[in-house]
Amino acid sequence: MLNDYNVKAVNDAYKNAHIAMQSISDLLPEVKDAGLKRELDYEFKGYETHINDMSAFMKDNGIEPQDINAFKKTMMKGAIKMKTFFDDSKNKIADMMLKGTVMGINELSQMQNEKKNLHEDVSALIDGLLKTEETYEKRLRKFL
């Protein structure tokens, strides 16, 4: 049985990946550049893999996944629409994704810095997502 700290950590990582997927879903209709569209599709599939891994872990450990709420999803979608209304260039969209990715990296890094408090399986899930986001950060820079 995992303690509350580990339950919160795995749920926070799960939400991190969900927010990224939601952002990609909201941005894709605005993307005109084929290369950036391929990149976002690639990233979406990567986040989906992490969510599936975390979901299986949570199910095996009796943890109820906590998704982002509908209000936050609506707010995110509205913010994306506003930010791309006047500038939907590939640079602007890549910059938006890059900023979100860096926020995710920072959040996951903070969790990993508390590794001594994390169950090894939770730490491995967080570490895997962190490495993926660090890779995505590098890949997104070429679209700026």
# chains A, B, ... in the order shown; residues from 1 in each chain; ligands from 1
call {"tool": "residues_around", "arguments": {"residues": "His119 (chain A)", "least_positions_apart": "4", "cutoff": "9 Å", "atoms": "only C-alpha atoms", "output": "ChimeraX atom specification"}}
result
/A:2-3,6,115,123-124
call {"tool": "residues_around", "arguments": {"residues": "Gln22 (chain A)", "least_positions_apart": "3", "cutoff": "12 Å", "atoms": "only C-alpha atoms", "output": "list of chain:residue names"}}
result
A:Lys15, A:Asn16, A:Ala17, A:His18, A:Ile19, A:Ser25, A:Asp26, A:Leu27, A:Leu28, A:Leu40, A:Glu43, A:Phe44, A:Tyr47, A:Glu48, A:Asp67, A:Ile68, A:Asn69, A:Ala70, A:Lys72, A:Lys73, A:Thr74, A:Met75, A:Met76, A:Lys77, A:Ile80, A:Met97, A:Gly100
call {"tool": "closest_residue", "arguments": {"among": "A:Ile24, A:Ala13, A:Glu134, A:Gln110", "to": "Lys37 (chain A)", "atoms": "only C-alpha atoms"}}
result
A:Ile24
call {"tool": "residues_around", "arguments": {"residues": "Met96 (chain A)", "least_positions_apart": "4", "cutoff": "12 Å", "atoms": "only C-alpha atoms", "output": "list in words"}}
result
Ala20, Ser23, Ile24, Asp26, Leu27, Met76, Ala79, Ile80, Lys81, Met82, Lys83, Thr84, Asp87, Asp88, Ser89, Lys90, Asn91, Lys92, Gly100, Thr101, Val102, Met103, Glu137, Leu140, Arg141, Phe143 and Leu144 of chain A
call {"tool": "write_last_selection", "arguments": {"atoms": "N, CA and C atoms", "output": "tab-separated table (two decimals), in the first residue's frame"}}
result
chain	number	residue	atom	x	y	z
A	20	ALA	N	-0.68	18.16	-20.82
A	20	ALA	CA	0.08	18.23	-22.08
A	20	ALA	C	-0.76	17.70	-23.24
A	23	SER	N	-3.49	20.18	-24.07
A	23	SER	CA	-2.94	21.34	-24.77
A	23	SER	C	-2.68	21.01	-26.24
A	24	ILE	N	-2.11	19.84	-26.49
A	24	ILE	CA	-1.85	19.43	-27.87
A	24	ILE	C	-3.17	19.30	-28.63
A	26	ASP	N	-5.93	20.86	-28.10
A	26	ASP	CA	-6.47	22.20	-28.32
A	26	ASP	C	-5.68	22.97	-29.38
A	27	LEU	N	-4.39	22.72	-29.47
A	27	LEU	CA	-3.54	23.44	-30.41
A	27	LEU	C	-3.55	22.87	-31.83
A	76	MET	N	-8.14	26.32	-20.21
A	76	MET	CA	-6.96	26.09	-21.04
A	76	MET	C	-7.28	26.29	-22.51
A	79	ALA	N	-7.70	29.97	-23.26
A	79	ALA	CA	-6.40	30.66	-23.27
A	79	ALA	C	-5.65	30.38	-24.57
A	80	ILE	N	-5.70	29.15	-25.03
A	80	ILE	CA	-5.03	28.80	-26.28
A	80	ILE	C	-5.68	29.54	-27.46
A	81	LYS	N	-6.99	29.57	-27.49
A	81	LYS	CA	-7.70	30.30	-28.56
A	81	LYS	C	-7.30	31.77	-28.57
A	82	MET	N	-7.25	32.38	-27.38
A	82	MET	CA	-6.89	33.80	-27.29
A	82	MET	C	-5.45	34.03	-27.76
A	83	LYS	N	-4.53	33.17	-27.34
A	83	LYS	CA	-3.12	33.35	-27.67
A	83	LYS	C	-2.84	33.12	-29.15
A	84	THR	N	-3.64	32.29	-29.80
A	84	THR	CA	-3.39	32.00	-31.22
A	84	THR	C	-4.28	32.83	-32.15
A	87	ASP	N	-1.88	35.43	-33.60
A	87	ASP	CA	-0.62	34.86	-34.08
A	87	ASP	C	-0.68	33.33	-33.94
A	88	ASP	N	-0.94	32.69	-35.07
A	88	ASP	CA	-0.97	31.22	-35.06
A	88	ASP	C	0.21	30.64	-35.84
A	89	SER	N	1.32	31.41	-35.83
A	89	SER	CA	2.52	30.95	-36.53
A	89	SER	C	3.12	29.73	-35.82
A	90	LYS	N	3.92	28.99	-36.56
A	90	LYS	CA	4.56	27.82	-35.95
A	90	LYS	C	5.45	28.25	-34.80
A	91	ASN	N	6.10	29.42	-34.91
A	91	ASN	CA	6.96	29.92	-33.82
A	91	ASN	C	6.14	30.14	-32.56
A	92	LYS	N	5.00	30.77	-32.69
A	92	LYS	CA	4.14	31.08	-31.53
A	92	LYS	C	3.64	29.78	-30.89
A	100	GLY	N	4.94	25.34	-21.79
A	100	GLY	CA	4.20	24.33	-21.03
A	100	GLY	C	5.08	23.14	-20.68
A	101	THR	N	5.91	22.73	-21.62
A	101	THR	CA	6.81	21.60	-21.40
A	101	THR	C	7.81	21.92	-20.29
A	102	VAL	N	8.35	23.13	-20.31
A	102	VAL	CA	9.30	23.54	-19.27
A	102	VAL	C	8.60	23.58	-17.90
A	103	MET	N	7.37	24.04	-17.86
A	103	MET	CA	6.62	24.02	-16.59
A	103	MET	C	6.48	22.59	-16.10
A	137	GLU	N	11.34	19.02	-25.10
A	137	GLU	CA	11.83	20.41	-25.03
A	137	GLU	C	12.87	20.65	-26.14
A	140	LEU	N	11.20	20.64	-29.66
A	140	LEU	CA	10.35	21.80	-29.95
A	140	LEU	C	11.18	23.03	-30.32
A	141	ARG	N	12.38	23.12	-29.80
A	141	ARG	CA	13.22	24.31	-30.06
A	141	ARG	C	13.48	24.52	-31.56
A	143	PHE	N	11.47	24.46	-33.85
A	143	PHE	CA	10.33	25.13	-34.50
A	143	PHE	C	10.23	26.61	-34.12
A	144	LEU	N	11.13	27.09	-33.28
A	144	LEU	CA	11.10	28.50	-32.89
A	144	LEU	C	11.62	29.40	-33.99
call {"tool": "atom_distance", "arguments": {"atom1": "CA of Lys59 (chain A)", "atom2": "CA of Tyr5 (chain A)"}}
result
17.0 Å
call {"tool": "select_by_dssp", "arguments": {"residues": "region 42-126 of chain A", "states": "helix (DSSP H, G or I)", "output": "PyMOL selection string"}}
result
chain A and resi 42-60+70-85+90-112+115-117+120-126
call {"tool": "closest_residue", "arguments": {"among": "A:Met111, A:Leu118, A:Ile105, A:Val10", "to": "Glu133 (chain A)", "atoms": "only C-alpha atoms"}}
result
A:Ile105
call {"tool": "closest_residue", "arguments": {"among": "A:Asn52, A:Thr132, A:Asn61, A:Gln66", "to": "Asn11 (chain A)", "atoms": "only C-alpha atoms"}}
result
A:Gln66
call {"tool": "residues_around", "arguments": {"residues": "Leu108 (chain A)", "least_positions_apart": "6", "cutoff": "9 Å", "atoms": "only C-alpha atoms", "output": "PDB file with N, CA and C atoms, in the first residue's frame"}}
result
ATOM      1  N   ASP A  12      -0.179  13.613  -9.551  1.00  0.00           N
ATOM      2  CA  ASP A  12       0.341  14.865 -10.106  1.00  0.00           C
ATOM      3  C   ASP A  12       1.043  14.618 -11.439  1.00  0.00           C
ATOM      4  N   ALA A  13       1.803  13.541 -11.527  1.00  0.00           N
ATOM      5  CA  ALA A  13       2.463  13.193 -12.793  1.00  0.00           C
ATOM      6  C   ALA A  13       1.420  12.851 -13.856  1.00  0.00           C
ATOM      7  N   ASN A  16      -0.057  16.003 -15.072  1.00  0.00           N
ATOM      8  CA  ASN A  16       0.947  16.683 -15.891  1.00  0.00           C
ATOM      9  C   ASN A  16       0.849  16.193 -17.341  1.00  0.00           C
ATOM     10  N   ILE A 126       7.718   8.798 -12.727  1.00  0.00           N
ATOM     11  CA  ILE A 126       8.000  10.231 -12.819  1.00  0.00           C
ATOM     12  C   ILE A 126       9.257  10.464 -13.646  1.00  0.00           C
ATOM     13  N   ASP A 127      10.275   9.664 -13.414  1.00  0.00           N
ATOM     14  CA  ASP A 127      11.534   9.809 -14.142  1.00  0.00           C
ATOM     15  C   ASP A 127      11.337   9.570 -15.640  1.00  0.00           C
ATOM     16  N   LEU A 129       8.580  10.048 -17.409  1.00  0.00           N
ATOM     17  CA  LEU A 129       7.868  11.206 -17.974  1.00  0.00           C
ATOM     18  C   LEU A 129       8.805  12.405 -18.057  1.00  0.00           C
ATOM     19  N   LEU A 130       9.629  12.605 -17.040  1.00  0.00           N
ATOM     20  CA  LEU A 130      10.584  13.720 -17.041  1.00  0.00           C
ATOM     21  C   LEU A 130      11.545  13.611 -18.219  1.00  0.00           C
TER      22      LEU A 130
END
